[in-house]
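A.B. asks: Shown below is the structure under consideration.
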Amino acid sequence: MQISEIRVDGYEKVVRCKDDASGLHAIIAVHDTTLGPSLGGMRMLPYASEDEALFDVLRLSRGMTYKSAVADTGLGGGKSVVIGDPKLKSPALFEAMGAFVDSLGGKYITAEDMNIGISDLDIVRRKTRWVTGLSLENGGSGNPSPYTARGCFMGMKAVLEEAFGSASFAGRHVLLQGVGAVGGRLAELCKQAGARVTICDINEARVKELCAKFGFESVADANHLSVACDVYAPCARGATINDATIPQLKCKAVAGCANNQLLEPRHADVLKARGIVYAPDYVINAGGIINVSIELVPGGYDEPKALAKIDRIYDNLRQVFQIARDQGVSTHTAAERLAEQRLAAGRRR
Ligand code: NAD
């Protein structure tokens with residue numbers, strides 16, 4: 001196994017691993033450990049080149065620093081990428097990846113991400129203890145999705161307060177695009193709290209099933225932006241908030257779990273100019289990482305502790321909105337400033 005360092009300005013440590021025996025070719029990026037060891041998922045993709053993989057892991061690890069700083073997880077930002085076809089996974093590959101993660105001595109802690117499942121992490125765990133997000137039976141915190149949904153729901157309360165002056169869901173209309181693991185549960189929580197809920201998804205069978213079970217209304221995915229609502233919750237995929245969609249929005253707020261909702265950061269300013277409250281995605285969807293971070297506290301994973309911290313997403317968003325109002329900036333910029341404030345305070349400690 002050959003491990004070599006890649007020097008990148010602004011990053012604490014970036015390392016590549018090549019292992020002929022297992023076929024592993026991977027990169028770990030540790031962006032910043034001011035607030036604690038870096039934590040971020042491991043993803044596996046058939047990147048066209050190492051440069052493409054490096055670009056992705058740098059961008060994602062930096063994002064984790066900001067996400068964890070705002071979520072106050074006591075962790076820094078890191079990420080890892082395995083370069084390869086997910087169809088060609090093998091135990092040897094993940095054992096080698098475990099040894100690679102272990103070589104950083106806990107400076108980087110891994111978790112699930114794209115194309116990496118709990119069964120893969122169980123193999124990584126054979127070679128390193130720096131793994132989170134394992135199954136409940138293996139001492140982990142299990143599936144993060146219900147926790148992400150809970151965090152989004154709490155965040156939506158702050159959003160309702162900001163947009164309407166009251167955190168109550170009663171009589172509010174929430175439109176969700178994507179009702180998978182997170183969106184489905186979030187829709188249920190909104191309905192339980194008294195909201196009118198309209199859903200759409202490319203998986204029509206899933207929409208039918210959830211409408212029958214919970215009494216949601218539905219709209220065809222292709223037409224969903226024509227629905228007037230109070231809160232629009234993108235819960236399917238990224239980049240759906242863009243120049244083409246923003247003029248069509250008929251809502252007072254955008255607040256959902258999908259990652260990278262804005263096609264470009266400037267779209268937060270476009271939303272602001274339209275008077276639409278935007279909950280920065282990485283602030284409102286931090287429930288999963290907060291849950292996983294509780295695995296690392298002394299005594300191990302404790303659900304009540306995790307839920308109490310997840311519920312603080314409400315306070316984090318209120319702070320973001322306050323900064324945005326006080327400084328006359330978009331909520332995207334405000335979230336970055338909140339993260340930078342916390343990082344600066346961490347550096348002074
Ligand atoms: P999921 O795969 O369970 O659900 C996604 C749903 O979106 C599916 O039902 C799918 O059919 C639907 N969908 C996909 N493309 C669509 C389209 N073009 N139009 C309409 N519907 C479409 O995923 P999830 O775990 O619920 O995650 C949803 C989003 O939240 C993703 O962007 C994910 O990165 C993000 N996220 C998830 C978590 C988590 O804990 N699972 C944490 C943070 C962020």
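Each chain of the structure tokens is named A, B, ... in the order shown, its residues numbered from 1; ligands are numbered from 1 in display order.
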Which neighbours of region 122-139 of chain A fall inside 9 Å, counting only C-alpha atoms, when residues of the same chain fewer than 3 positions from it are skipped, and could you give them as an MDAnalysis selection string?
C.D. replies: chainID A and resid 39 91:103 105:112 117:119 142:144 291:293 295:296 300:301
A.B. asks: May I have all residues of region 138-236 of chain A that DSSP, computed from the backbone, assigns to strand (DSSP E or B), given as a PyMOL selection string?
C.D. replies: chain A and resi 173-177+196-200+217-218+231-234
A.B. asks: What does the list of residues within 7 Å of ligand 1 look like if you count only C-alpha atoms and all ligand atoms, written as an mmCIF file with N, CA and C atoms, in the first residue's frame?
C.D. replies:
data_model
loop_
_atom_site.group_PDB
_atom_site.id
_atom_site.type_symbol
_atom_site.label_atom_id
_atom_site.label_comp_id
_atom_site.auth_asym_id
_atom_site.auth_seq_id
_atom_site.Cartn_x
_atom_site.Cartn_y
_atom_site.Cartn_z
ATOM 1 N N PRO A 144 -29.601 7.241 9.386
ATOM 2 C CA PRO A 144 -29.714 8.653 9.790
ATOM 3 C C PRO A 144 -31.002 9.342 9.312
ATOM 4 N N SER A 145 -31.703 8.745 8.337
ATOM 5 C CA SER A 145 -32.797 9.482 7.675
ATOM 6 C C SER A 145 -33.881 10.007 8.623
ATOM 7 N N TYR A 147 -33.622 10.955 11.548
ATOM 8 C CA TYR A 147 -33.047 12.057 12.331
ATOM 9 C C TYR A 147 -32.885 13.308 11.461
ATOM 10 N N THR A 148 -32.542 13.078 10.211
ATOM 11 C CA THR A 148 -32.471 14.209 9.278
ATOM 12 C C THR A 148 -33.863 14.825 9.128
ATOM 13 N N GLN A 177 -41.030 17.996 -2.729
ATOM 14 C CA GLN A 177 -40.599 17.237 -3.909
ATOM 15 C C GLN A 177 -39.630 16.150 -3.434
ATOM 16 N N GLY A 178 -40.022 14.882 -3.613
ATOM 17 C CA GLY A 178 -39.182 13.779 -3.156
ATOM 18 C C GLY A 178 -39.640 13.293 -1.800
ATOM 19 N N VAL A 179 -40.230 12.106 -1.792
ATOM 20 C CA VAL A 179 -40.718 11.565 -0.513
ATOM 21 C C VAL A 179 -40.072 10.206 -0.267
ATOM 22 N N GLY A 180 -38.737 10.219 -0.305
ATOM 23 C CA GLY A 180 -37.968 9.015 0.006
ATOM 24 C C GLY A 180 -37.805 8.894 1.508
ATOM 25 N N ALA A 181 -36.630 8.407 1.907
ATOM 26 C CA ALA A 181 -36.391 8.125 3.324
ATOM 27 C C ALA A 181 -36.587 9.367 4.200
ATOM 28 N N VAL A 182 -36.081 10.513 3.764
ATOM 29 C CA VAL A 182 -36.209 11.730 4.584
ATOM 30 C C VAL A 182 -37.524 12.457 4.277
ATOM 31 N N GLY A 183 -37.773 12.722 2.987
ATOM 32 C CA GLY A 183 -38.959 13.500 2.615
ATOM 33 C C GLY A 183 -40.255 12.849 3.074
ATOM 34 N N CYS A 200 -44.904 15.197 -4.263
ATOM 35 C CA CYS A 200 -44.661 14.683 -5.612
ATOM 36 C C CYS A 200 -43.356 13.908 -5.596
ATOM 37 N N ASP A 201 -43.229 12.991 -6.542
ATOM 38 C CA ASP A 201 -42.022 12.151 -6.624
ATOM 39 C C ASP A 201 -42.073 11.465 -7.975
ATOM 40 N N ILE A 202 -40.906 11.142 -8.516
ATOM 41 C CA ILE A 202 -40.928 10.389 -9.780
ATOM 42 C C ILE A 202 -41.381 8.946 -9.540
ATOM 43 N N ASN A 203 -41.330 8.527 -8.292
ATOM 44 C CA ASN A 203 -41.809 7.189 -7.928
ATOM 45 C C ASN A 203 -43.309 7.295 -7.602
ATOM 46 N N ASP A 221 -45.024 15.311 -10.645
ATOM 47 C CA ASP A 221 -43.727 15.943 -10.424
ATOM 48 C C ASP A 221 -43.476 17.077 -11.430
ATOM 49 N N CYS A 235 -36.684 17.803 -1.499
ATOM 50 C CA CYS A 235 -36.178 16.644 -0.739
ATOM 51 C C CYS A 235 -35.769 15.508 -1.665
ATOM 52 N N ALA A 236 -35.409 15.868 -2.920
ATOM 53 C CA ALA A 236 -35.069 14.809 -3.870
ATOM 54 C C ALA A 236 -33.618 14.893 -4.310
ATOM 55 N N ARG A 237 -33.246 16.007 -4.898
ATOM 56 C CA ARG A 237 -31.916 16.097 -5.525
ATOM 57 C C ARG A 237 -31.448 17.544 -5.489
ATOM 58 N N GLY A 238 -30.215 17.771 -5.944
ATOM 59 C CA GLY A 238 -29.632 19.107 -5.863
ATOM 60 C C GLY A 238 -29.939 19.967 -7.067
ATOM 61 N N CYS A 257 -34.633 18.975 2.681
ATOM 62 C CA CYS A 257 -33.436 18.223 3.094
ATOM 63 C C CYS A 257 -32.414 18.020 1.988
ATOM 64 N N ALA A 258 -32.774 18.244 0.727
ATOM 65 C CA ALA A 258 -31.847 17.904 -0.366
ATOM 66 C C ALA A 258 -30.527 18.657 -0.213
ATOM 67 N N ASN A 259 -29.443 17.992 -0.592
ATOM 68 C CA ASN A 259 -28.126 18.630 -0.564
ATOM 69 C C ASN A 259 -27.953 19.533 -1.781
ATOM 70 N N ASN A 285 -30.429 20.319 7.085
ATOM 71 C CA ASN A 285 -30.369 18.855 6.925
ATOM 72 C C ASN A 285 -29.252 18.209 7.754
ATOM 73 N N ALA A 286 -28.835 18.882 8.833
ATOM 74 C CA ALA A 286 -27.703 18.377 9.630
ATOM 75 C C ALA A 286 -28.094 17.316 10.663
ATOM 76 N N GLY A 288 -28.705 14.194 10.470
ATOM 77 C CA GLY A 288 -27.970 12.934 10.324
ATOM 78 C C GLY A 288 -26.566 13.019 10.897
#
A.B. asks: Smallest atom-to-atom distance to Leu317 (chain A): which of A:Thr331, A:Gln261, A:Ser218, A:Thr245, using only C-alpha atoms?
C.D. replies: A:Thr331
A.B. asks: Write out as a list in words all residues of region 211-244 of chain A that DSSP puts in alpha helix (DSSP H) for this structure's backbone.
C.D. replies: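 Those residues are Cys211, Ala212, Lys213 and Phe214 of chain A.
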A.B. asks: Using N, CA and C atoms, can you write the selected residues to a file as an mmCIF file, in the first residue's frame?
C.D. replies:
data_model
loop_
_atom_site.group_PDB
_atom_site.id
_atom_site.type_symbol
_atom_site.label_atom_id
_atom_site.label_comp_id
_atom_site.auth_asym_id
_atom_site.auth_seq_id
_atom_site.Cartn_x
_atom_site.Cartn_y
_atom_site.Cartn_z
ATOM 1 N N CYS A 211 -50.020 8.807 0.122
ATOM 2 C CA CYS A 211 -51.276 9.568 0.137
ATOM 3 C C CYS A 211 -52.376 8.736 0.803
ATOM 4 N N ALA A 212 -52.408 7.435 0.472
ATOM 5 C CA ALA A 212 -53.437 6.573 1.055
ATOM 6 C C ALA A 212 -53.214 6.432 2.559
ATOM 7 N N LYS A 213 -51.956 6.356 2.959
ATOM 8 C CA LYS A 213 -51.643 6.117 4.375
ATOM 9 C C LYS A 213 -51.821 7.365 5.235
ATOM 10 N N PHE A 214 -51.421 8.520 4.714
ATOM 11 C CA PHE A 214 -51.378 9.713 5.570
ATOM 12 C C PHE A 214 -52.328 10.837 5.152
#
A.B. asks: Which of these, A:Gln192, A:Ser61, A:Gln341, A:Thr333, has the shortest distance to Thr33 (chain A) once you count only C-alpha atoms?
C.D. replies: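 For Thr33 (chain A), the nearest of the given residues is A:Ser61.
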A.B. asks: Looking at A:Leu189, A:Glu264, A:Thr240, A:Ala163, which one is nearest to Tyr278 (chain A), with distances taken over only C-alpha atoms?
C.D. replies: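 Result for the nearest residue to Tyr278 (chain A): A:Ala163.
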A.B. asks: Closest to Lys272 (chain A) among A:Phe169, A:Tyr11, A:Phe55, A:Phe321, using only C-alpha atoms?
C.D. replies: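 Among the listed residues, A:Phe321 lies closest to Lys272 (chain A).
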A.B. asks: Can you work out the spacing between CA of Pro46 (chain A) and CA of Ile83 (chain A) in Å, to one decimal?
C.D. replies: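 Separation of CA of Pro46 (chain A) and CA of Ile83 (chain A): 5.6 Å.
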A.B. asks: Hey, what's within 10 Å of Leu249 (chain A) if we count only C-alpha atoms and toss same-chain stuff fewer than 2 positions away? As number ranges by chain, please?
C.D. replies: A: 224-229, 232, 241, 244-247, 251-254, 271, 274, 276
A.B. asks: Include all heavy atoms and write out the residues we just selected as a CSV table (one decimal), in the first residue's frame.
C.D. replies:
chain,number,residue,atom,x,y,z
A,224,HIS,N,-45.2,20.3,-10.3
A,224,HIS,CA,-45.3,20.7,-8.9
A,224,HIS,C,-45.0,22.2,-8.6
A,224,HIS,O,-45.6,22.7,-7.7
A,224,HIS,CB,-44.4,19.8,-8.1
A,224,HIS,CG,-42.9,20.1,-8.1
A,224,HIS,ND1,-42.1,19.8,-9.2
A,224,HIS,CD2,-42.1,20.7,-7.2
A,224,HIS,CE1,-40.9,20.2,-8.9
A,224,HIS,NE2,-40.9,20.8,-7.8
A,225,LEU,N,-44.3,22.8,-9.5
A,225,LEU,CA,-44.0,24.2,-9.2
A,225,LEU,C,-45.2,25.1,-9.4
A,225,LEU,O,-45.2,26.3,-9.0
A,225,LEU,CB,-42.8,24.7,-10.0
A,225,LEU,CG,-41.4,24.1,-9.5
A,225,LEU,CD1,-40.3,24.7,-10.4
A,225,LEU,CD2,-41.2,24.4,-8.1
A,226,SER,N,-46.2,24.6,-10.0
A,226,SER,CA,-47.5,25.4,-10.2
A,226,SER,C,-48.3,25.5,-8.9
A,226,SER,O,-49.3,26.2,-8.9
A,226,SER,CB,-48.3,24.8,-11.4
A,226,SER,OG,-48.8,23.5,-11.0
A,227,VAL,N,-47.9,24.7,-7.9
A,227,VAL,CA,-48.7,24.6,-6.7
A,227,VAL,C,-48.4,25.8,-5.8
A,227,VAL,O,-47.2,26.0,-5.5
A,227,VAL,CB,-48.5,23.3,-6.0
A,227,VAL,CG1,-49.2,23.3,-4.6
A,227,VAL,CG2,-49.0,22.1,-6.8
A,228,ALA,N,-49.4,26.6,-5.4
A,228,ALA,CA,-49.1,27.7,-4.5
A,228,ALA,C,-49.1,27.0,-3.1
A,228,ALA,O,-49.9,26.2,-2.7
A,228,ALA,CB,-50.2,28.7,-4.5
A,229,CYS,N,-48.0,27.4,-2.3
A,229,CYS,CA,-47.9,26.8,-1.0
A,229,CYS,C,-47.2,27.8,0.0
A,229,CYS,O,-46.7,28.9,-0.5
A,229,CYS,CB,-47.1,25.5,-1.1
A,229,CYS,SG,-45.4,25.8,-1.7
A,232,TYR,N,-42.0,25.4,0.4
A,232,TYR,CA,-41.6,24.4,-0.6
A,232,TYR,C,-40.4,23.7,-0.1
A,232,TYR,O,-39.3,24.3,0.3
A,232,TYR,CB,-41.3,25.1,-1.9
A,232,TYR,CG,-40.6,24.2,-3.0
A,232,TYR,CD1,-41.2,23.0,-3.3
A,232,TYR,CD2,-39.5,24.6,-3.7
A,232,TYR,CE1,-40.6,22.2,-4.3
A,232,TYR,CE2,-38.9,23.8,-4.7
A,232,TYR,CZ,-39.5,22.6,-4.9
A,232,TYR,OH,-38.9,21.8,-5.9
A,241,ILE,N,-32.9,24.8,-7.3
A,241,ILE,CA,-33.2,26.2,-7.1
A,241,ILE,C,-32.3,26.9,-8.1
A,241,ILE,O,-31.1,27.1,-7.8
A,241,ILE,CB,-33.0,26.6,-5.7
A,241,ILE,CG1,-33.9,25.8,-4.7
A,241,ILE,CG2,-33.3,28.1,-5.5
A,241,ILE,CD1,-35.4,25.9,-4.9
A,244,ALA,N,-34.2,29.1,-13.7
A,244,ALA,CA,-35.5,28.7,-14.4
A,244,ALA,C,-36.6,28.5,-13.4
A,244,ALA,O,-37.7,28.8,-13.6
A,244,ALA,CB,-35.2,27.4,-15.2
A,245,THR,N,-36.2,27.9,-12.2
A,245,THR,CA,-37.3,27.6,-11.2
A,245,THR,C,-37.7,28.7,-10.3
A,245,THR,O,-38.9,28.8,-9.9
A,245,THR,CB,-36.9,26.4,-10.4
A,245,THR,OG1,-35.6,26.7,-9.7
A,245,THR,CG2,-36.7,25.1,-11.2
A,246,ILE,N,-36.7,29.6,-9.9
A,246,ILE,CA,-37.1,30.6,-8.9
A,246,ILE,C,-38.3,31.5,-9.4
A,246,ILE,O,-39.2,31.7,-8.6
A,246,ILE,CB,-35.9,31.5,-8.5
A,246,ILE,CG1,-34.8,30.6,-7.8
A,246,ILE,CG2,-36.2,32.6,-7.6
A,246,ILE,CD1,-33.5,31.2,-7.5
A,247,PRO,N,-38.3,31.9,-10.7
A,247,PRO,CA,-39.5,32.8,-11.0
A,247,PRO,C,-40.8,32.0,-10.9
A,247,PRO,O,-41.9,32.6,-10.8
A,247,PRO,CB,-39.2,33.1,-12.5
A,247,PRO,CG,-37.7,32.9,-12.7
A,247,PRO,CD,-37.3,31.8,-11.7
A,251,CYS,N,-44.2,30.3,-3.3
A,251,CYS,CA,-44.1,30.0,-1.8
A,251,CYS,C,-43.5,31.2,-1.1
A,251,CYS,O,-42.9,32.1,-1.7
A,251,CYS,CB,-43.3,28.8,-1.7
A,251,CYS,SG,-41.6,29.0,-2.3
A,252,LYS,N,-43.6,31.1,0.2
A,252,LYS,CA,-42.9,32.2,1.0
A,252,LYS,C,-41.6,31.7,1.6
A,252,LYS,O,-40.8,32.5,2.1
A,252,LYS,CB,-43.8,32.5,2.2
A,252,LYS,CG,-45.0,33.4,1.9
A,252,LYS,CD,-44.6,34.8,1.5
A,252,LYS,CE,-44.2,35.7,2.7
A,252,LYS,NZ,-43.7,37.0,2.3
A,253,ALA,N,-41.3,30.4,1.5
A,253,ALA,CA,-40.1,29.8,2.0
A,253,ALA,C,-39.7,28.6,1.3
A,253,ALA,O,-40.5,27.8,0.8
A,253,ALA,CB,-40.3,29.5,3.5
A,254,VAL,N,-38.4,28.4,1.2
A,254,VAL,CA,-37.8,27.1,0.7
A,254,VAL,C,-37.0,26.5,1.8
A,254,VAL,O,-36.1,27.1,2.4
A,254,VAL,CB,-36.8,27.4,-0.5
A,254,VAL,CG1,-36.1,26.1,-0.9
A,254,VAL,CG2,-37.6,28.0,-1.7
A,271,LEU,N,-33.4,34.5,-4.4
A,271,LEU,CA,-34.5,34.2,-3.5
A,271,LEU,C,-34.8,35.3,-2.5
A,271,LEU,O,-36.0,35.7,-2.3
A,271,LEU,CB,-34.2,32.9,-2.7
A,271,LEU,CG,-34.2,31.6,-3.4
A,271,LEU,CD1,-33.7,30.4,-2.5
A,271,LEU,CD2,-35.6,31.2,-3.9
A,274,ARG,N,-36.7,38.1,-4.1
A,274,ARG,CA,-38.1,37.7,-4.3
A,274,ARG,C,-38.8,37.7,-3.0
A,274,ARG,O,-40.0,37.3,-2.9
A,274,ARG,CB,-38.2,36.4,-5.0
A,274,ARG,CG,-38.2,36.5,-6.5
A,274,ARG,CD,-39.0,35.4,-7.2
A,274,ARG,NE,-40.4,35.5,-6.7
A,274,ARG,CZ,-41.2,34.5,-6.9
A,274,ARG,NH1,-40.9,33.4,-7.5
A,274,ARG,NH2,-42.5,34.5,-6.5
A,276,ILE,N,-38.3,35.5,-0.6
A,276,ILE,CA,-38.5,34.1,-0.2
A,276,ILE,C,-37.5,33.7,0.9
A,276,ILE,O,-36.3,33.9,0.7
A,276,ILE,CB,-38.5,33.1,-1.4
A,276,ILE,CG1,-39.6,33.4,-2.4
A,276,ILE,CG2,-38.5,31.7,-1.0
A,276,ILE,CD1,-39.5,32.7,-3.7
A.B. asks: Between A:Ser22, A:Leu104, A:Pro280, A:Leu307, single out the one closest to Ile3 (chain A), counting only C-alpha atoms.
C.D. replies: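 Of all the options, A:Leu104 lies closest to Ile3 (chain A).
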A.B. asks: Quick one, how far is CA of Val159 (chain A) from CA of Ala306 (chain A)?
C.D. replies: 21.7 Å
A.B. asks: List the neighbours of Ala308 (chain A) out to 12 Å using only C-alpha atoms; skip same-chain residues closer than 5 positions along the sequence, and give me the result as number ranges by chain.
C.D. replies: A: 147, 150-151, 154, 287, 290-291, 294, 302-303, 313-315
A.B. asks: Go through A:Gly63, A:Gly78, A:Gly140, A:Gly328 one by one, measure the shortest atom-to-atom distance of each to Glu12 (chain A) using only C-alpha atoms, and give the residue with the smallest value.
C.D. replies: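 Of A:Gly63, A:Gly78, A:Gly140, A:Gly328, the one nearest Glu12 (chain A) is A:Gly78, counting only C-alpha atoms.
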A.B. asks: Grab the CA of Asp51 (chain A) to CA of Leu343 (chain A) distance for me, in Å with one decimal place.
C.D. replies: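 The value is 28.3 Å.
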A.B. asks: If we count only C-alpha atoms and set the cut-off at 7 Å, which residues sit around Arg196 (chain A), ignoring sequence neighbours fewer than 3 positions away in its own chain? Please answer as a PDB file with C-alpha atoms, in the first residue's frame.
C.D. replies:
ATOM      1  CA  GLY A 171     -53.233  25.538   8.306  1.00  0.00           C
ATOM      2  CA  ARG A 172     -49.876  26.003   6.573  1.00  0.00           C
ATOM      3  CA  HIS A 173     -49.404  24.351   3.200  1.00  0.00           C
ATOM      4  CA  VAL A 174     -46.157  22.404   2.676  1.00  0.00           C
ATOM      5  CA  LYS A 191     -49.095  16.571   8.600  1.00  0.00           C
TER       6      LYS A 191
END
A.B. asks: Which polymer residues have any atom within 7 Å of an atom of Thr198 (chain A), counting only C-alpha atoms, with same-chain residues fewer than 6 positions away left out, as a PyMOL selection string?
C.D. replies: chain A and resi 174-176+216-219
A.B. asks: Any idea what's packed within 9 Å of Met44 (chain A), counting only C-alpha atoms, ignoring anything in its chain fewer than 4 positions away? Could you give it as number ranges by chain?
C.D. replies: A: 26, 80-86, 113-116
